[in-house]
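S.K.: This is model-v8.cif (mmCIF, C-alpha atoms).
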data_final
loop_
_atom_site.label_atom_id
_atom_site.label_comp_id
_atom_site.auth_asym_id
_atom_site.auth_seq_id
_atom_site.Cartn_x
_atom_site.Cartn_y
_atom_site.Cartn_z
CA MET A 1 97.24 66.48 139.18
CA LYS A 2 96.21 63.52 137.11
CA ILE A 3 98.03 60.30 138.06
CA SER A 4 98.32 57.34 135.71
CA PHE A 5 100.15 54.10 136.47
CA GLU A 6 102.93 52.21 134.73
CA ASN A 7 101.34 48.85 135.49
CA LYS A 8 98.39 47.11 137.12
CA ILE A 9 100.24 46.32 140.37
CA LEU A 10 100.98 50.00 141.02
CA ARG A 11 97.37 50.87 140.21
CA ASN A 12 96.09 48.20 142.62
CA ILE A 13 98.39 49.39 145.41
CA CYS A 14 97.15 52.96 145.01
CA GLU A 15 93.47 52.23 144.52
CA ASP A 16 92.84 49.23 146.78
CA TYR A 17 93.35 49.92 150.50
CA GLU A 18 93.34 46.25 151.46
CA PHE A 19 95.93 45.37 148.82
CA ALA A 20 98.20 48.22 149.95
CA ILE A 21 97.85 47.29 153.62
CA GLU A 22 98.60 43.66 152.79
CA ARG A 23 101.73 44.71 150.89
CA TYR A 24 103.13 47.45 153.18
CA GLY A 25 101.29 47.21 156.49
CA ILE A 26 98.76 49.71 157.78
CA GLU A 27 101.22 52.43 158.89
CA LEU A 28 103.06 52.67 155.55
CA ALA A 29 99.88 52.26 153.51
CA LEU A 30 98.33 55.22 155.34
CA ILE A 31 101.43 57.34 154.61
CA LEU A 32 101.21 56.33 150.95
CA PHE A 33 97.54 57.27 150.68
CA LYS A 34 98.15 60.62 152.39
CA ARG A 35 100.94 61.49 149.95
CA LEU A 36 98.85 60.37 146.96
CA SER A 37 95.97 62.53 148.20
CA ASP A 38 98.34 65.52 148.46
CA ILE A 39 99.40 64.97 144.86
CA GLU A 40 95.88 64.44 143.50
CA VAL A 41 94.54 67.68 144.99
CA ALA A 42 97.57 69.74 143.95
CA LYS A 43 97.29 71.69 140.71
CA ASP A 44 101.02 71.00 140.08
CA PHE A 45 104.17 70.01 142.02
CA SER A 46 104.76 73.57 143.22
CA ASP A 47 101.44 73.27 145.07
CA ILE A 48 102.63 70.37 147.29
CA GLY A 49 103.83 71.81 150.58
CA PHE A 50 105.39 68.66 152.01
CA GLY A 51 108.50 66.74 150.96
CA ASN A 52 111.23 67.26 148.41
CA THR A 53 111.08 66.78 144.64
CA ILE A 54 114.05 66.01 142.41
CA ILE A 55 113.80 66.46 138.65
CA ASP A 56 115.87 64.15 136.46
CA GLN A 57 116.27 63.67 132.71
CA ASN A 58 117.71 60.49 131.21
CA LYS A 59 119.55 59.87 127.93
CA ASN A 60 116.29 59.15 126.11
CA GLU A 61 115.11 62.66 127.06
CA LYS A 62 112.48 61.27 129.40
CA ILE A 63 111.85 63.42 132.44
CA PHE A 64 111.30 61.96 135.90
CA ILE A 65 110.32 63.47 139.22
CA THR A 66 111.14 61.71 142.45
CA TYR A 67 109.00 62.90 145.34
CA TYR A 68 110.69 62.16 148.70
CA PHE A 69 108.46 62.42 151.74
CA ASN A 70 110.60 61.54 154.74
CA LYS A 71 113.71 63.16 156.28
CA ASP A 72 116.27 60.58 155.19
CA GLU A 73 114.76 60.31 151.68
CA THR A 74 114.20 56.56 151.83
CA GLN A 75 110.46 56.81 151.15
CA PHE A 76 109.52 58.12 147.74
CA LEU A 77 107.28 57.96 144.71
CA LYS A 78 108.88 58.18 141.28
CA PHE A 79 106.98 59.56 138.31
CA GLU A 80 107.60 59.79 134.60
CA ILE A 81 106.39 62.96 132.94
CA PRO A 82 104.39 61.93 129.86
CA GLU A 83 104.14 65.44 128.42
CA ASN A 84 106.18 66.81 125.54
CA VAL A 85 109.85 67.27 126.51
CA LYS A 86 110.08 70.55 124.59
CA LEU A 87 107.95 72.14 127.31
CA PHE A 88 110.70 71.60 129.85
CA GLN A 89 113.57 73.66 128.48
CA ASP A 90 113.64 76.22 131.29
CA PHE A 91 112.99 73.65 134.07
CA GLN A 92 110.41 75.75 135.86
CA LEU A 93 108.93 72.30 135.66
CA ARG A 94 107.04 72.07 138.92
CA GLN A 95 104.58 74.73 137.75
CA ILE A 96 103.64 73.20 134.41
CA ILE A 97 103.32 69.49 135.20
CA THR A 98 99.71 68.45 135.53
CA ARG A 99 99.89 64.80 134.40
CA ILE A 100 102.24 62.21 135.89
CA LYS A 101 102.75 58.47 135.54
CA LEU A 102 103.69 56.57 138.71
CA ILE A 103 106.53 54.16 137.94
CA LYS A 104 107.90 53.28 141.42
CA ILE A 105 106.88 53.20 145.08
CA GLN A 106 109.57 52.91 147.75
CA LEU A 107 108.36 52.67 151.36
#
So that I can check it, write out the structure of this file as C-alpha cells.
M.R.:
Amino acid sequence: MKISFENKILRNICEDYEFAIERYGIELALILFKRLSDIEVAKDFSDIGFGNTIIDQNKNEKIFITYYFNKDETQFLKFEIPENVKLFQDFQLRQIITRIKLIKIQL
C-alpha cells in the first residue's frame, strides 16, 4: 500500500530511524518500523496477517482505519482513507484500499 503522511513530524518518525528511536526508544521504534513494513508490502488491508483493523466513518463522510497491533489495543496507527467515499458503500473496504494517509501514531 502507498502511505502518505498528514504532517512532517509523522513523516520524519516513519522515515528517520534515529528520530523515531529518540522519540519512542529503540524497542517501540522497532515495533513501529515492523508494522509499517507489513503495511507497505501488503497489497491492501486484507493482506496484513497481524493485528486488528477497525473501520470508522465520521460526520464529514471521511473514512478512517485504525490498525491495532498489540493485545490490549493500546498501540495503533490511525489512517485516513483519501479515496472517493462512494467506493465504500458495501464496506468490503479492506480489499479495495491501496492508498492511506497516516494521521496518528500511538505507542
S.K.: Do you know which residues the PyMOL selection byres ((chain A and resi 37) around 12) returns on this file, as a PDB file with C-alpha atoms, keeping the file's coordinate frame?
M.R.:
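Final output, saved to selection_22.pdb:
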ATOM      1  CA  MET A   1      97.240  66.480 139.180  1.00  0.00           C
ATOM      2  CA  LYS A   2      96.210  63.520 137.110  1.00  0.00           C
ATOM      3  CA  ILE A   3      98.030  60.300 138.060  1.00  0.00           C
ATOM      4  CA  CYS A  14      97.150  52.960 145.010  1.00  0.00           C
ATOM      5  CA  GLU A  15      93.470  52.230 144.520  1.00  0.00           C
ATOM      6  CA  LEU A  30      98.330  55.220 155.340  1.00  0.00           C
ATOM      7  CA  ILE A  31     101.430  57.340 154.610  1.00  0.00           C
ATOM      8  CA  LEU A  32     101.210  56.330 150.950  1.00  0.00           C
ATOM      9  CA  PHE A  33      97.540  57.270 150.680  1.00  0.00           C
ATOM     10  CA  LYS A  34      98.150  60.620 152.390  1.00  0.00           C
ATOM     11  CA  ARG A  35     100.940  61.490 149.950  1.00  0.00           C
ATOM     12  CA  LEU A  36      98.850  60.370 146.960  1.00  0.00           C
ATOM     13  CA  ASP A  38      98.340  65.520 148.460  1.00  0.00           C
ATOM     14  CA  ILE A  39      99.400  64.970 144.860  1.00  0.00           C
ATOM     15  CA  GLU A  40      95.880  64.440 143.500  1.00  0.00           C
ATOM     16  CA  VAL A  41      94.540  67.680 144.990  1.00  0.00           C
ATOM     17  CA  ALA A  42      97.570  69.740 143.950  1.00  0.00           C
ATOM     18  CA  LYS A  43      97.290  71.690 140.710  1.00  0.00           C
ATOM     19  CA  ILE A  48     102.630  70.370 147.290  1.00  0.00           C
ATOM     20  CA  PHE A  50     105.390  68.660 152.010  1.00  0.00           C
TER      21      PHE A  50
END
S.K.: Please provide the set of residues having any atom within 12 Å of Ile13 in chain A, restricted to all atoms listed in the file, with same-chain residues fewer than 5 positions apart removed, written as number ranges by chain.
M.R.: A: 5-8, 18-25, 28-30, 32-33, 36, 102, 104-106
S.K.: Rank nothing, just name the residue among A:Leu10, A:Leu107, A:Leu77, A:Ile100 nearest to Ile63 in chain A, using all atoms listed in the file.
M.R.: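 Closest residue, counting all atoms listed in the file: A:Ile100.
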S.K.: Mind pulling up the distance from CA of Asp72 in chain A to CA of Asp47 in chain A?
M.R.: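 CA of Asp47 in chain A sits 22.0 Å away from CA of Asp72 in chain A.
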S.K.: Take the PyMOL selection byres ((chain A and resi 65) around 8), run it mentally on this structure, and tell me the resulting residues as a ChimeraX atom specification.
M.R.: /A:53-56,63-64,66-67,78-81
S.K.: What separation in Å, quoted to one decimal, exists between CA of Glu61 in chain A and CA of Ser4 in chain A?
M.R.: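 The value is 19.6 Å.
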S.K.: Between A:Ile103, A:Thr98, A:Gln57, A:Gly51, which has the minimum distance to Asn70 in chain A (counting all atoms listed in the file)?
M.R.: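 Once distances to Asn70 in chain A are computed over all atoms listed in the file, the minimum belongs to A:Gly51.
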S.K.: With N, CA and C atoms as the goal, would you fill in the gaps in range 27-44 of chain A and present it as a compact mmCIF listing (two decimals), in the frame of the given file?
M.R.:
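What landed in rebuild-v9.txt:
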# COMPACT_ATOMS: atom_id res chain seq x y z
N GLU A 27 100.54 51.14 158.67
CA GLU A 27 101.22 52.43 158.89
C GLU A 27 101.77 53.00 157.58
N LEU A 28 102.49 52.19 156.81
CA LEU A 28 103.06 52.67 155.55
C LEU A 28 101.99 52.90 154.49
N ALA A 29 100.97 52.07 154.48
CA ALA A 29 99.88 52.26 153.51
C ALA A 29 99.18 53.59 153.76
N LEU A 30 98.96 53.94 155.02
CA LEU A 30 98.33 55.22 155.34
C LEU A 30 99.19 56.40 154.91
N ILE A 31 100.51 56.29 155.08
CA ILE A 31 101.43 57.34 154.61
C ILE A 31 101.33 57.46 153.10
N LEU A 32 101.32 56.33 152.41
CA LEU A 32 101.21 56.33 150.95
C LEU A 32 99.93 57.03 150.50
N PHE A 33 98.81 56.68 151.09
CA PHE A 33 97.54 57.27 150.68
C PHE A 33 97.48 58.77 150.98
N LYS A 34 98.10 59.19 152.08
CA LYS A 34 98.15 60.62 152.39
C LYS A 34 98.95 61.37 151.33
N ARG A 35 100.10 60.83 150.96
CA ARG A 35 100.94 61.49 149.95
C ARG A 35 100.24 61.50 148.59
N LEU A 36 99.59 60.41 148.23
CA LEU A 36 98.85 60.37 146.96
C LEU A 36 97.71 61.39 146.96
N SER A 37 97.04 61.53 148.10
CA SER A 37 95.97 62.53 148.20
C SER A 37 96.53 63.94 148.02
N ASP A 38 97.70 64.21 148.63
CA ASP A 38 98.34 65.52 148.46
C ASP A 38 98.60 65.81 146.98
N ILE A 39 99.08 64.80 146.27
CA ILE A 39 99.40 64.97 144.86
C ILE A 39 98.13 65.17 144.04
N GLU A 40 97.11 64.35 144.29
CA GLU A 40 95.88 64.44 143.50
C GLU A 40 95.18 65.78 143.64
N VAL A 41 95.23 66.40 144.81
CA VAL A 41 94.54 67.68 144.99
C VAL A 41 95.40 68.88 144.56
N ALA A 42 96.68 68.65 144.38
CA ALA A 42 97.57 69.74 143.95
C ALA A 42 97.32 70.06 142.47
N LYS A 43 97.43 71.32 142.12
CA LYS A 43 97.29 71.69 140.71
C LYS A 43 98.58 71.36 139.94
N ASP A 44 99.73 71.36 140.65
CA ASP A 44 101.02 71.00 140.08
C ASP A 44 101.99 70.73 141.24
